[in-house]
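Text of the file entry_2.txt, holding compact mmCIF, C-alpha atoms:
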```
# COMPACT_ATOMS: atom_id res chain seq x y z
CA MET A 1 -16.39 173.80 -187.38
CA SER A 2 -15.44 175.56 -184.16
CA LEU A 3 -17.73 175.46 -181.14
CA PRO A 4 -20.05 178.45 -180.72
CA ILE A 5 -19.95 181.38 -178.35
CA VAL A 6 -22.97 180.91 -176.11
CA ILE A 7 -24.44 183.89 -174.26
CA ILE A 8 -27.02 183.56 -171.51
CA GLY A 9 -29.12 186.72 -171.35
CA SER A 10 -30.35 189.31 -173.85
CA GLY A 11 -29.98 192.57 -171.95
CA PHE A 12 -27.81 195.58 -172.72
CA ALA A 13 -24.53 193.84 -171.80
CA SER A 14 -25.22 190.80 -173.98
CA TYR A 15 -26.32 192.78 -177.01
CA GLN A 16 -23.52 195.32 -176.69
CA LEU A 17 -21.05 192.44 -176.67
CA ILE A 18 -22.62 190.99 -179.82
CA LYS A 19 -22.61 194.34 -181.63
CA THR A 20 -18.94 194.81 -180.74
CA ILE A 21 -17.95 191.31 -181.89
CA ARG A 22 -19.73 191.80 -185.20
CA ARG A 23 -17.74 194.95 -185.99
CA THR A 24 -14.69 192.80 -186.65
CA ASN A 25 -15.96 189.22 -186.82
CA SER A 26 -19.02 188.50 -188.92
CA ASP A 27 -18.64 184.74 -189.12
CA CYS A 28 -18.24 183.22 -185.64
CA LEU A 29 -21.25 181.26 -184.46
CA ILE A 30 -23.16 182.93 -181.61
CA HIS A 31 -26.11 181.43 -179.72
CA VAL A 32 -28.15 183.58 -177.33
CA PHE A 33 -30.47 182.02 -174.76
CA THR A 34 -33.00 184.32 -173.10
CA ASN A 35 -36.06 183.76 -170.93
CA ASP A 36 -37.99 186.53 -172.72
CA SER A 37 -38.59 187.58 -176.33
CA GLY A 38 -35.06 188.97 -176.77
CA ASP A 39 -36.07 192.45 -177.91
CA ASP A 40 -33.36 195.12 -177.92
CA TYR A 41 -34.12 198.19 -175.82
CA ASN A 42 -32.40 200.78 -173.64
CA LYS A 43 -33.16 199.92 -170.00
CA PRO A 44 -32.55 203.47 -168.65
CA ASP A 45 -35.51 204.58 -170.81
CA LEU A 46 -37.78 202.72 -168.37
CA SER A 47 -37.27 205.60 -165.94
CA HIS A 48 -39.53 207.79 -168.10
CA VAL A 49 -42.14 205.45 -169.55
CA PHE A 50 -45.06 206.73 -167.46
CA SER A 51 -44.60 210.46 -168.01
CA LYS A 52 -44.07 209.82 -171.74
CA GLN A 53 -47.20 207.61 -171.78
CA GLN A 54 -45.23 204.88 -173.53
CA ASN A 55 -46.16 201.27 -174.12
CA PRO A 56 -43.60 198.42 -174.06
CA GLU A 57 -43.39 198.40 -177.87
CA ASP A 58 -42.46 202.09 -177.84
CA VAL A 59 -39.26 201.31 -175.91
CA ILE A 60 -38.10 198.55 -178.27
CA THR A 61 -35.45 199.58 -180.79
CA LEU A 62 -35.24 196.17 -182.52
CA SER A 63 -37.42 193.11 -182.09
CA GLY A 64 -35.66 189.92 -181.08
CA GLY A 65 -36.09 188.46 -184.56
CA ASP A 66 -34.78 191.60 -186.27
CA PHE A 67 -31.80 191.76 -183.92
CA ALA A 68 -30.92 188.11 -184.61
CA GLU A 69 -31.09 188.69 -188.36
CA GLN A 70 -29.17 191.97 -188.34
CA TYR A 71 -26.35 190.67 -186.13
CA ASN A 72 -26.28 187.08 -187.41
CA VAL A 73 -27.00 185.27 -184.15
CA ILE A 74 -29.14 182.26 -183.32
CA LEU A 75 -31.63 183.53 -180.75
CA HIS A 76 -33.40 181.08 -178.45
CA THR A 77 -36.33 182.95 -176.90
CA HIS A 78 -38.35 181.96 -173.83
CA ALA A 79 -35.58 179.47 -173.08
CA PHE A 80 -34.96 178.40 -169.50
CA VAL A 81 -31.30 177.55 -168.84
CA GLU A 82 -31.38 174.88 -166.17
CA SER A 83 -27.70 174.19 -165.54
CA ILE A 84 -24.10 174.62 -166.66
CA ASP A 85 -21.58 171.77 -166.92
CA THR A 86 -18.20 173.53 -167.00
CA GLU A 87 -16.23 170.27 -167.31
CA ASN A 88 -18.00 169.11 -170.48
CA GLN A 89 -18.70 172.67 -171.64
CA THR A 90 -22.44 172.23 -172.02
CA ILE A 91 -25.58 173.94 -170.81
CA THR A 92 -28.97 172.32 -170.35
CA VAL A 93 -31.86 174.32 -171.78
CA ASN A 94 -35.45 173.11 -171.54
CA GLY A 95 -34.07 169.59 -171.07
CA GLU A 96 -31.69 169.71 -174.07
CA LEU A 97 -27.89 169.83 -174.06
CA HIS A 98 -26.04 172.58 -175.95
CA THR A 99 -22.24 172.63 -176.27
CA TYR A 100 -20.18 175.82 -176.08
CA GLY A 101 -16.64 176.86 -176.90
CA LYS A 102 -16.90 180.02 -174.85
CA LEU A 103 -19.75 180.77 -172.46
CA VAL A 104 -20.75 184.29 -171.40
CA LEU A 105 -22.98 184.89 -168.40
CA ALA A 106 -24.97 188.07 -168.98
CA THR A 107 -27.78 187.11 -166.63
CA GLY A 108 -28.29 190.63 -165.29
CA SER A 109 -29.86 191.43 -161.96
CA GLN A 110 -33.20 191.55 -160.21
CA THR A 111 -34.66 194.19 -157.95
CA PHE A 112 -34.05 193.51 -154.29
CA ILE A 113 -37.27 193.49 -152.27
CA PRO A 114 -36.55 193.85 -148.54
CA PRO A 115 -38.17 191.28 -146.21
CA PHE A 116 -41.28 193.25 -145.21
CA HIS A 117 -44.14 191.87 -143.15
CA GLY A 118 -47.74 191.64 -144.31
CA ASP A 119 -50.00 189.85 -146.76
CA GLY A 120 -49.43 192.44 -149.48
CA CYS A 121 -45.73 191.72 -149.99
CA GLU A 122 -46.34 189.30 -152.84
CA ASP A 123 -47.96 192.15 -154.80
CA ILE A 124 -44.96 194.51 -154.62
CA LEU A 125 -44.00 195.60 -158.14
CA THR A 126 -40.55 196.01 -159.70
CA LEU A 127 -39.38 197.80 -162.86
CA ASN A 128 -36.02 196.43 -163.92
CA SER A 129 -36.79 195.10 -167.40
CA LEU A 130 -39.11 195.50 -170.35
CA LYS A 131 -40.76 192.24 -169.35
CA GLU A 132 -41.52 193.65 -165.88
CA PHE A 133 -42.82 196.88 -167.41
CA SER A 134 -45.22 194.87 -169.57
CA GLY A 135 -46.43 193.05 -166.48
CA ILE A 136 -47.04 196.09 -164.27
CA GLN A 137 -48.03 198.78 -166.77
CA GLN A 138 -51.81 198.49 -166.41
CA LYS A 139 -51.59 198.20 -162.62
CA VAL A 140 -49.55 201.41 -162.36
CA LEU A 141 -51.65 203.28 -164.92
CA GLY A 142 -54.76 202.40 -162.92
CA SER A 143 -53.24 203.63 -159.65
CA LYS A 144 -53.67 207.14 -158.26
CA LYS A 145 -51.43 206.73 -155.21
CA VAL A 146 -48.05 205.00 -155.54
CA LEU A 147 -45.41 204.32 -152.89
CA VAL A 148 -41.81 203.86 -154.06
CA VAL A 149 -39.37 202.04 -151.76
CA GLY A 150 -35.82 203.39 -152.08
CA GLY A 151 -34.43 206.85 -152.78
CA GLY A 152 -31.39 205.83 -154.77
CA LEU A 153 -30.81 206.52 -158.45
CA ILE A 154 -33.61 204.34 -159.83
CA GLY A 155 -36.12 205.13 -157.07
CA THR A 156 -35.68 208.89 -157.35
CA GLU A 157 -35.95 208.89 -161.15
CA LEU A 158 -39.01 206.66 -160.99
CA ALA A 159 -40.73 208.77 -158.31
CA MET A 160 -40.22 211.92 -160.38
CA ASP A 161 -41.52 210.20 -163.51
CA LEU A 162 -44.64 208.95 -161.75
CA ALA A 163 -45.27 212.42 -160.31
CA ASN A 164 -44.87 213.93 -163.78
CA SER A 165 -47.50 211.49 -165.04
CA GLY A 166 -50.01 212.78 -162.48
CA LYS A 167 -49.64 210.19 -159.70
CA MET A 168 -49.57 211.00 -155.98
CA VAL A 169 -46.19 209.56 -155.03
CA THR A 170 -44.65 208.74 -151.67
CA LEU A 171 -40.91 207.97 -151.62
CA VAL A 172 -39.52 206.17 -148.56
CA GLU A 173 -35.73 206.13 -148.08
CA PRO A 174 -33.88 204.74 -145.02
CA ASN A 175 -30.92 207.13 -145.36
CA SER A 176 -30.99 210.75 -144.26
CA HIS A 177 -30.88 212.06 -147.85
CA LEU A 178 -31.57 210.96 -151.41
CA LEU A 179 -28.82 209.28 -153.48
CA ALA A 180 -26.91 208.74 -150.23
CA ASN A 181 -24.42 206.30 -151.79
CA MET A 182 -23.55 208.75 -154.57
CA ILE A 183 -23.61 212.36 -153.37
CA PRO A 184 -23.36 214.28 -150.06
CA ASP A 185 -26.43 215.71 -148.38
CA PHE A 186 -25.83 219.34 -149.34
CA ILE A 187 -26.07 218.38 -153.03
CA SER A 188 -29.14 216.20 -152.63
CA LEU A 189 -31.14 218.90 -150.81
CA PRO A 190 -32.10 220.72 -154.05
CA LEU A 191 -33.03 217.32 -155.54
CA GLU A 192 -35.27 216.66 -152.54
CA LYS A 193 -36.79 220.12 -152.99
CA ALA A 194 -37.43 219.45 -156.67
CA CYS A 195 -39.18 216.18 -155.77
CA ARG A 196 -41.40 217.91 -153.22
CA GLU A 197 -42.24 220.71 -155.66
CA LYS A 198 -43.49 218.06 -158.10
CA GLY A 199 -45.76 216.72 -155.36
CA VAL A 200 -43.66 213.77 -154.19
CA THR A 201 -43.93 213.08 -150.46
CA VAL A 202 -40.31 212.40 -149.49
CA THR A 203 -39.90 210.39 -146.28
CA LEU A 204 -36.27 210.09 -145.14
CA SER A 205 -34.58 208.16 -142.30
CA ASP A 206 -37.49 205.72 -142.31
CA CYS A 207 -38.09 202.18 -143.54
CA VAL A 208 -41.12 200.32 -144.78
CA GLN A 209 -42.02 197.72 -142.18
CA ALA A 210 -45.18 196.11 -143.50
CA VAL A 211 -47.38 196.01 -146.60
CA ASN A 212 -50.91 194.76 -145.98
CA LYS A 213 -53.90 194.47 -148.28
CA GLN A 214 -56.70 196.86 -147.43
CA ASP A 215 -59.88 197.53 -149.40
CA ASN A 216 -58.76 197.78 -153.02
CA GLY A 217 -55.22 198.89 -152.13
CA TYR A 218 -52.46 198.49 -149.57
CA ARG A 219 -51.74 199.87 -146.11
CA VAL A 220 -48.00 200.55 -145.82
CA THR A 221 -46.58 201.15 -142.35
CA THR A 222 -43.07 202.30 -141.52
CA THR A 223 -40.60 201.90 -138.68
CA ASN A 224 -41.29 205.46 -137.51
CA GLY A 225 -45.00 204.78 -137.28
CA GLN A 226 -46.12 206.44 -140.51
CA SER A 227 -49.04 204.88 -142.39
CA TYR A 228 -49.92 205.26 -146.07
CA LEU A 229 -52.92 203.93 -148.00
CA VAL A 230 -51.83 203.44 -151.62
CA ASP A 231 -52.93 201.65 -154.78
CA CYS A 232 -49.58 199.99 -155.47
CA VAL A 233 -46.05 199.64 -154.07
CA ILE A 234 -42.94 199.63 -156.26
CA SER A 235 -39.59 198.48 -154.88
CA ALA A 236 -36.46 200.29 -156.07
CA ALA A 237 -34.38 199.27 -153.06
CA GLY A 238 -31.38 198.11 -155.05
CA LEU A 239 -30.30 195.40 -157.45
CA LYS A 240 -29.27 191.83 -156.70
CA PRO A 241 -27.09 190.09 -159.34
CA ASN A 242 -28.54 186.90 -160.81
CA THR A 243 -25.90 184.40 -159.74
CA GLN A 244 -27.85 181.18 -159.16
CA LEU A 245 -26.73 179.44 -162.37
CA ALA A 246 -23.09 180.23 -161.65
CA ARG A 247 -23.35 179.22 -158.00
CA GLU A 248 -24.94 175.87 -158.87
CA ALA A 249 -22.13 175.24 -161.37
CA ASP A 250 -19.50 175.83 -158.64
CA ILE A 251 -18.35 179.03 -160.30
CA MET A 252 -16.98 181.51 -157.76
CA VAL A 253 -19.65 183.95 -156.56
CA ASN A 254 -19.40 186.72 -154.00
CA ARG A 255 -21.80 189.65 -154.41
CA GLY A 256 -21.79 188.88 -158.13
CA VAL A 257 -20.09 186.36 -160.39
CA VAL A 258 -16.39 186.96 -159.66
CA VAL A 259 -14.28 187.72 -162.73
CA ASP A 260 -10.65 188.63 -163.33
CA SER A 261 -9.30 191.43 -165.54
CA MET A 262 -10.13 189.34 -168.61
CA LEU A 263 -13.71 189.00 -167.35
CA GLN A 264 -13.13 185.26 -166.98
CA THR A 265 -14.82 183.48 -164.11
CA SER A 266 -13.21 180.78 -161.98
CA ALA A 267 -14.27 178.27 -164.67
CA LYS A 268 -12.30 177.78 -167.89
CA ASN A 269 -13.86 179.38 -170.97
CA VAL A 270 -16.66 180.96 -168.91
CA TYR A 271 -16.95 184.74 -168.73
CA ALA A 272 -19.37 187.22 -167.16
CA LEU A 273 -20.25 190.85 -167.73
CA GLY A 274 -22.93 193.38 -166.95
CA ASP A 275 -25.08 193.58 -163.84
CA CYS A 276 -24.26 190.02 -162.78
CA ALA A 277 -20.44 190.42 -162.81
CA GLU A 278 -18.27 191.42 -159.86
CA ILE A 279 -15.20 193.31 -161.07
CA GLU A 280 -12.46 194.22 -158.59
CA GLY A 281 -14.85 193.53 -155.74
CA LYS A 282 -17.61 195.75 -157.16
CA VAL A 283 -20.82 195.20 -159.06
CA MET A 284 -21.10 198.17 -161.42
CA ALA A 285 -24.57 198.36 -162.94
CA TYR A 286 -23.84 201.44 -165.06
CA LEU A 287 -23.65 201.84 -168.82
CA GLN A 288 -20.03 202.97 -169.06
CA PRO A 289 -18.38 199.98 -167.31
CA ILE A 290 -20.66 197.64 -169.27
CA LEU A 291 -19.61 199.28 -172.56
CA LEU A 292 -15.94 199.00 -171.64
CA SER A 293 -16.41 195.39 -170.52
CA ALA A 294 -18.14 194.50 -173.78
CA ASN A 295 -15.36 196.09 -175.83
CA ALA A 296 -12.62 194.21 -173.95
CA LEU A 297 -14.42 190.86 -173.91
CA ALA A 298 -15.28 191.08 -177.61
CA LYS A 299 -11.57 191.28 -178.41
CA THR A 300 -10.77 188.38 -176.09
CA LEU A 301 -13.48 186.16 -177.58
CA SER A 302 -12.22 187.04 -181.06
CA GLY A 303 -8.74 185.79 -180.20
CA THR A 304 -6.92 188.85 -178.84
CA GLU A 305 -6.79 188.64 -175.05
CA THR A 306 -7.61 192.11 -173.74
CA ALA A 307 -7.70 193.13 -170.09
CA LEU A 308 -10.45 195.45 -168.87
CA VAL A 309 -9.19 198.84 -167.72
CA LEU A 310 -11.74 200.90 -165.80
CA PRO A 311 -11.17 204.66 -165.68
CA ASN A 312 -13.30 207.06 -163.66
CA MET A 313 -16.97 206.73 -164.49
CA MET A 314 -19.48 209.41 -165.44
CA VAL A 315 -22.99 208.91 -164.01
CA LYS A 316 -26.10 210.84 -165.08
CA VAL A 317 -29.11 211.27 -162.82
CA LYS A 318 -32.02 211.69 -165.23
CA THR A 319 -34.33 213.82 -163.08
CA PRO A 320 -35.57 216.48 -165.54
CA HIS A 321 -36.27 219.15 -162.91
CA TYR A 322 -32.82 218.77 -161.30
CA PRO A 323 -30.39 217.04 -163.70
CA ILE A 324 -27.15 215.85 -162.11
CA GLN A 325 -23.87 214.48 -163.48
CA LEU A 326 -21.08 213.13 -161.32
CA ALA A 327 -17.82 211.25 -161.69
CA GLY A 328 -14.95 209.95 -159.63
CA ASN A 329 -15.08 209.60 -155.86
CA THR A 330 -17.92 211.66 -154.40
CA SER A 331 -18.77 209.69 -151.25
CA VAL A 332 -15.76 208.32 -149.30
CA GLU A 333 -12.42 209.62 -147.94
CA ILE A 334 -12.99 213.17 -149.14
CA GLU A 335 -10.81 215.73 -147.40
CA ARG A 336 -12.65 218.83 -148.58
CA TRP A 337 -15.28 220.13 -150.98
CA SER A 338 -15.06 223.24 -153.13
CA VAL A 339 -18.58 224.39 -153.97
CA ASP A 340 -19.79 227.09 -156.35
CA ILE A 341 -23.50 227.88 -156.54
CA ASP A 342 -25.11 230.38 -158.87
CA THR A 343 -28.31 230.81 -160.85
CA GLN A 344 -27.14 228.18 -163.35
CA GLY A 345 -26.73 225.44 -160.76
CA LEU A 346 -24.13 223.87 -158.49
CA CYS A 347 -20.55 222.74 -159.13
CA ALA A 348 -18.98 220.76 -156.29
CA LYS A 349 -15.41 219.45 -156.49
CA ALA A 350 -14.08 216.76 -154.14
CA TYR A 351 -10.41 216.74 -153.10
CA ASN A 352 -8.35 214.14 -151.25
CA ALA A 353 -5.73 214.66 -148.53
CA ASN A 354 -3.13 215.44 -151.23
CA ASN A 355 -5.34 218.22 -152.56
CA GLN A 356 -6.01 216.25 -155.76
CA LEU A 357 -9.36 216.50 -157.50
CA THR A 358 -10.91 213.05 -157.10
CA GLY A 359 -14.54 213.66 -158.04
CA PHE A 360 -17.17 216.22 -158.87
CA VAL A 361 -20.92 216.82 -159.03
CA VAL A 362 -22.56 219.35 -161.36
CA THR A 363 -26.25 220.22 -161.65
CA ASN A 364 -28.70 222.02 -163.91
CA GLU A 365 -27.03 224.17 -166.58
CA LEU A 366 -23.58 223.58 -165.09
CA ILE A 367 -23.58 220.02 -166.38
CA LYS A 368 -21.87 221.61 -169.41
CA ASN A 369 -18.74 221.60 -167.21
CA ALA A 370 -18.89 217.84 -166.70
CA PHE A 371 -16.54 216.74 -169.49
CA PRO A 372 -13.75 219.29 -168.76
CA LEU A 373 -13.85 218.23 -165.10
CA PHE A 374 -13.94 214.58 -166.14
CA ARG A 375 -10.77 215.07 -168.20
CA GLU A 376 -9.14 216.83 -165.24
CA ILE A 377 -9.87 213.88 -162.95
CA ASN A 378 -8.40 211.40 -165.42
CA THR A 379 -5.33 213.62 -165.85
CA THR A 380 -4.59 214.10 -162.13
CA ASN A 381 -5.29 210.52 -160.98
```

I need this file expressed as structure tokens, please.
Amino acid sequence: MSLPIVIIGSGFASYQLIKTIRRTNSDCLIHVFTNDSGDDYNKPDLSHVFSKQQNPEDVITLSGGDFAEQYNVILHTHAFVESIDTENQTITVNGELHTYGKLVLATGSQTFIPPFHGDGCEDILTLNSLKEFSGIQQKVLGSKKVLVVGGGLIGTELAMDLANSGKMVTLVEPNSHLLANMIPDFISLPLEKACREKGVTVTLSDCVQAVNKQDNGYRVTTTNGQSYLVDCVISAAGLKPNTQLAREADIMVNRGVVVDSMLQTSAKNVYALGDCAEIEGKVMAYLQPILLSANALAKTLSGTETALVLPNMMVKVKTPHYPIQLAGNTSVEIERWSVDIDTQGLCAKAYNANNQLTGFVVTNELIKNAFPLFREINTTN
């Protein structure tokens, strides 16, 4: 009997890989080790749990047990993977050795919490998994005033969702505009306006400096001298790949677990995908590259070596009062923008020095133009 495929992690990347393998291979032995209950859910849905008044069970599409039965996997829940021995091809879990034929690291990421000062830092909340949602739900529901750290994709969506659920929200972002790593300032201005119209206090070009306990809440002070008294603080300041297991096993790690075009790490028969993987020098925590990675790796693990090819990516910003879709290069080495604005929204096209369309951003009703523009990018590049 051949050695099993062992997957560490039960997030979107892991389960998408399993679903893809099972489309063509129903027999290979797959073990999944996860430190939670292994339920299948769509993580982007966590951006809207408070306005939809959802509970953790509402987000689950399949329980861990049902997923294991439906996709014929052996699921080890609440299992702590202590170490990886790449020479003997074993992992140690809760003190027991398990042998693998192929090992897949799908360990995901954790929310980065900047090194603030103050005695309230240990109480800062994060929302990057169903497990975290379960842990913070009652605290957030019982809060009237919430401060969100970080005005990127997750922070902006979360701030809008909390405002829609009736919370008084303050959003603190160190850059001069929201979604600074994704879109230029002239496109984010309407998003900022939409946030303010929903009651979000948007504080830009400022950083949280300290979080201190005060009365029944927290006093948050910023670099620019602002002070906010809130009931809870949520960090959405970015994601940090979970690389400790790989690092301790002497597997090459940079920002994430470094993989080649086959998604193989520096260790033989060890692969990585999802939020923990670094592909071509980038960690891409978006659904599309994870889907493509899972499709390629499933073929490789099933015996047909398949290199990952990453085309331009489409990204959706799920802010209901100012929906945005973008693709291609919208932030660096742009020679010029072509912008059309009308009552339906904004369509901004980015061109390089050779006058080639390299990226675009569309908003509101003009998101209907996203796929034609997306095809144009892939045709001209």

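Residues in contact with range 139-147 of chain A at up to 7 Å, not including ones fewer than 6 positions away on its chain and judged by all atoms listed in the file, are Lys167, Met168, Val169, Thr170, Leu171, Val230, Asp231, Cys232, Val233 and Ile234 of chain A.
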
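Distance check against Val270 in chain A using all atoms listed in the file: of A:Asn355, A:Thr223, A:Thr300, A:Gln209, the minimum falls on A:Thr300.
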
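For Ser109 in chain A, the set of protein, DNA and RNA residues having any atom at most 12 Å away, when counting all atoms listed in the file and skipping those fewer than 4 positions along the same chain, is A:Gly9, A:Gly11, A:Phe12, A:Ala13, A:Leu105, A:Thr126, A:Leu127, A:Asn128, A:Ser129, A:Gly238, A:Leu239, A:Lys240, A:Pro241, A:Asn242, A:Thr243, A:Gln244, A:Arg255, A:Gly256, A:Val257, A:Leu273, A:Gly274, A:Asp275, A:Cys276, A:Ala277, A:Glu278, A:Val283, A:Met284, A:Ala285.
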
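Closest approach to Leu297 in chain A from the set A:Ala106, A:Leu62, A:Leu125, A:Ala236 is made by A:Ala106, with distances taken over only C-alpha atoms.
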
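The spacing separating CA of Gly150 in chain A from CA of Ser165 in chain A amounts to 19.2 Å.
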
Once 5 Å is added on each side, what centre and edge lengths in Å to one decimal does the axis-aligned box around all listed atoms of range 302-315 of chain A have, as AutoDock Vina command-line options?
```
--center_x -14.9 --center_y 197.6 --center_z -172.4 --size_x 26.2 --size_y 33.6 --size_z 27.4
```

Practice item. May I have the residues within 12 Å of range 184-190 of chain A as JSON, numbers by chain, using all atoms listed in the file and disregarding those fewer than 2 positions away in the same chain? Key: {"A": [151, 152, 153, 156, 175, 176, 177, 178, 179, 180, 181, 182, 192, 193, 194, 195, 196, 197, 202, 204, 317, 319, 321, 322, 323, 324, 325, 326, 329, 330, 331, 332, 334, 336, 337, 339, 340, 341, 345, 346, 347, 348, 349, 350, 359, 360, 361, 362, 363, 364]}

Exercise for review: Choose the residue, out of A:Thr379, A:Gln54, A:Ser293, A:Thr99, that has the smallest atom-to-atom separation from Ile30 in chain A; count only C-alpha atoms.
Suggested key: A:Thr99

Check your understanding: Which protein, DNA or RNA residues have an atom at most 10 Å from (-12.6, 185.5, -162.0), counting only C-alpha atoms? List them as a ChimeraX atom specification.
Key -> /A:251-253,257-268,270-272,277-280

Take the residues just selected and output them with C-alpha atoms as an mmCIF file, in the coordinates of the input.
```
data_model
loop_
_atom_site.group_PDB
_atom_site.id
_atom_site.type_symbol
_atom_site.label_atom_id
_atom_site.label_comp_id
_atom_site.auth_asym_id
_atom_site.auth_seq_id
_atom_site.Cartn_x
_atom_site.Cartn_y
_atom_site.Cartn_z
ATOM 1 C CA ILE A 251 -18.350 179.030 -160.300
ATOM 2 C CA MET A 252 -16.980 181.510 -157.760
ATOM 3 C CA VAL A 253 -19.650 183.950 -156.560
ATOM 4 C CA VAL A 257 -20.090 186.360 -160.390
ATOM 5 C CA VAL A 258 -16.390 186.960 -159.660
ATOM 6 C CA VAL A 259 -14.280 187.720 -162.730
ATOM 7 C CA ASP A 260 -10.650 188.630 -163.330
ATOM 8 C CA SER A 261 -9.300 191.430 -165.540
ATOM 9 C CA MET A 262 -10.130 189.340 -168.610
ATOM 10 C CA LEU A 263 -13.710 189.000 -167.350
ATOM 11 C CA GLN A 264 -13.130 185.260 -166.980
ATOM 12 C CA THR A 265 -14.820 183.480 -164.110
ATOM 13 C CA SER A 266 -13.210 180.780 -161.980
ATOM 14 C CA ALA A 267 -14.270 178.270 -164.670
ATOM 15 C CA LYS A 268 -12.300 177.780 -167.890
ATOM 16 C CA VAL A 270 -16.660 180.960 -168.910
ATOM 17 C CA TYR A 271 -16.950 184.740 -168.730
ATOM 18 C CA ALA A 272 -19.370 187.220 -167.160
ATOM 19 C CA ALA A 277 -20.440 190.420 -162.810
ATOM 20 C CA GLU A 278 -18.270 191.420 -159.860
ATOM 21 C CA ILE A 279 -15.200 193.310 -161.070
ATOM 22 C CA GLU A 280 -12.460 194.220 -158.590
#
```

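Nearest to Leu103 in chain A of all the residues A:Ile367, A:Ala237, A:Leu308, A:Ile7 is A:Ile7, counting only C-alpha atoms.
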
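What separates CA of Thr111 in chain A from CA of Gly225 in chain A is a distance of 25.4 Å.
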
Practice item. Excluding Thr34 in chain A and residues on its chain fewer than 4 positions from it, collect all residues at most 8 Å away from it, counting all atoms listed in the file, and give them as a PyMOL selection string. Key: chain A and resi 8-10+38+75-80

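Take CA of Lys198 in chain A and CA of Ser47 in chain A: the distance between them is 16.0 Å.
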
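The residue that comes closest to His117 in chain A, out of A:Gly64, A:Leu130, A:His48, A:Lys213 and on the basis of only C-alpha atoms, is A:Lys213.
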
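For the choices A:Asp66, A:Asp85, A:Glu173, A:Asp40, the atom-to-atom distance to Ser205 in chain A is smallest for A:Glu173 when using only C-alpha atoms.
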
Point to revise | Polymer residues at most 7 Å from Asn312 in chain A, all atoms listed in the file, same-chain spacing of 4 or more positions, as a PyMOL selection string | key: chain A and resi 327-328+378
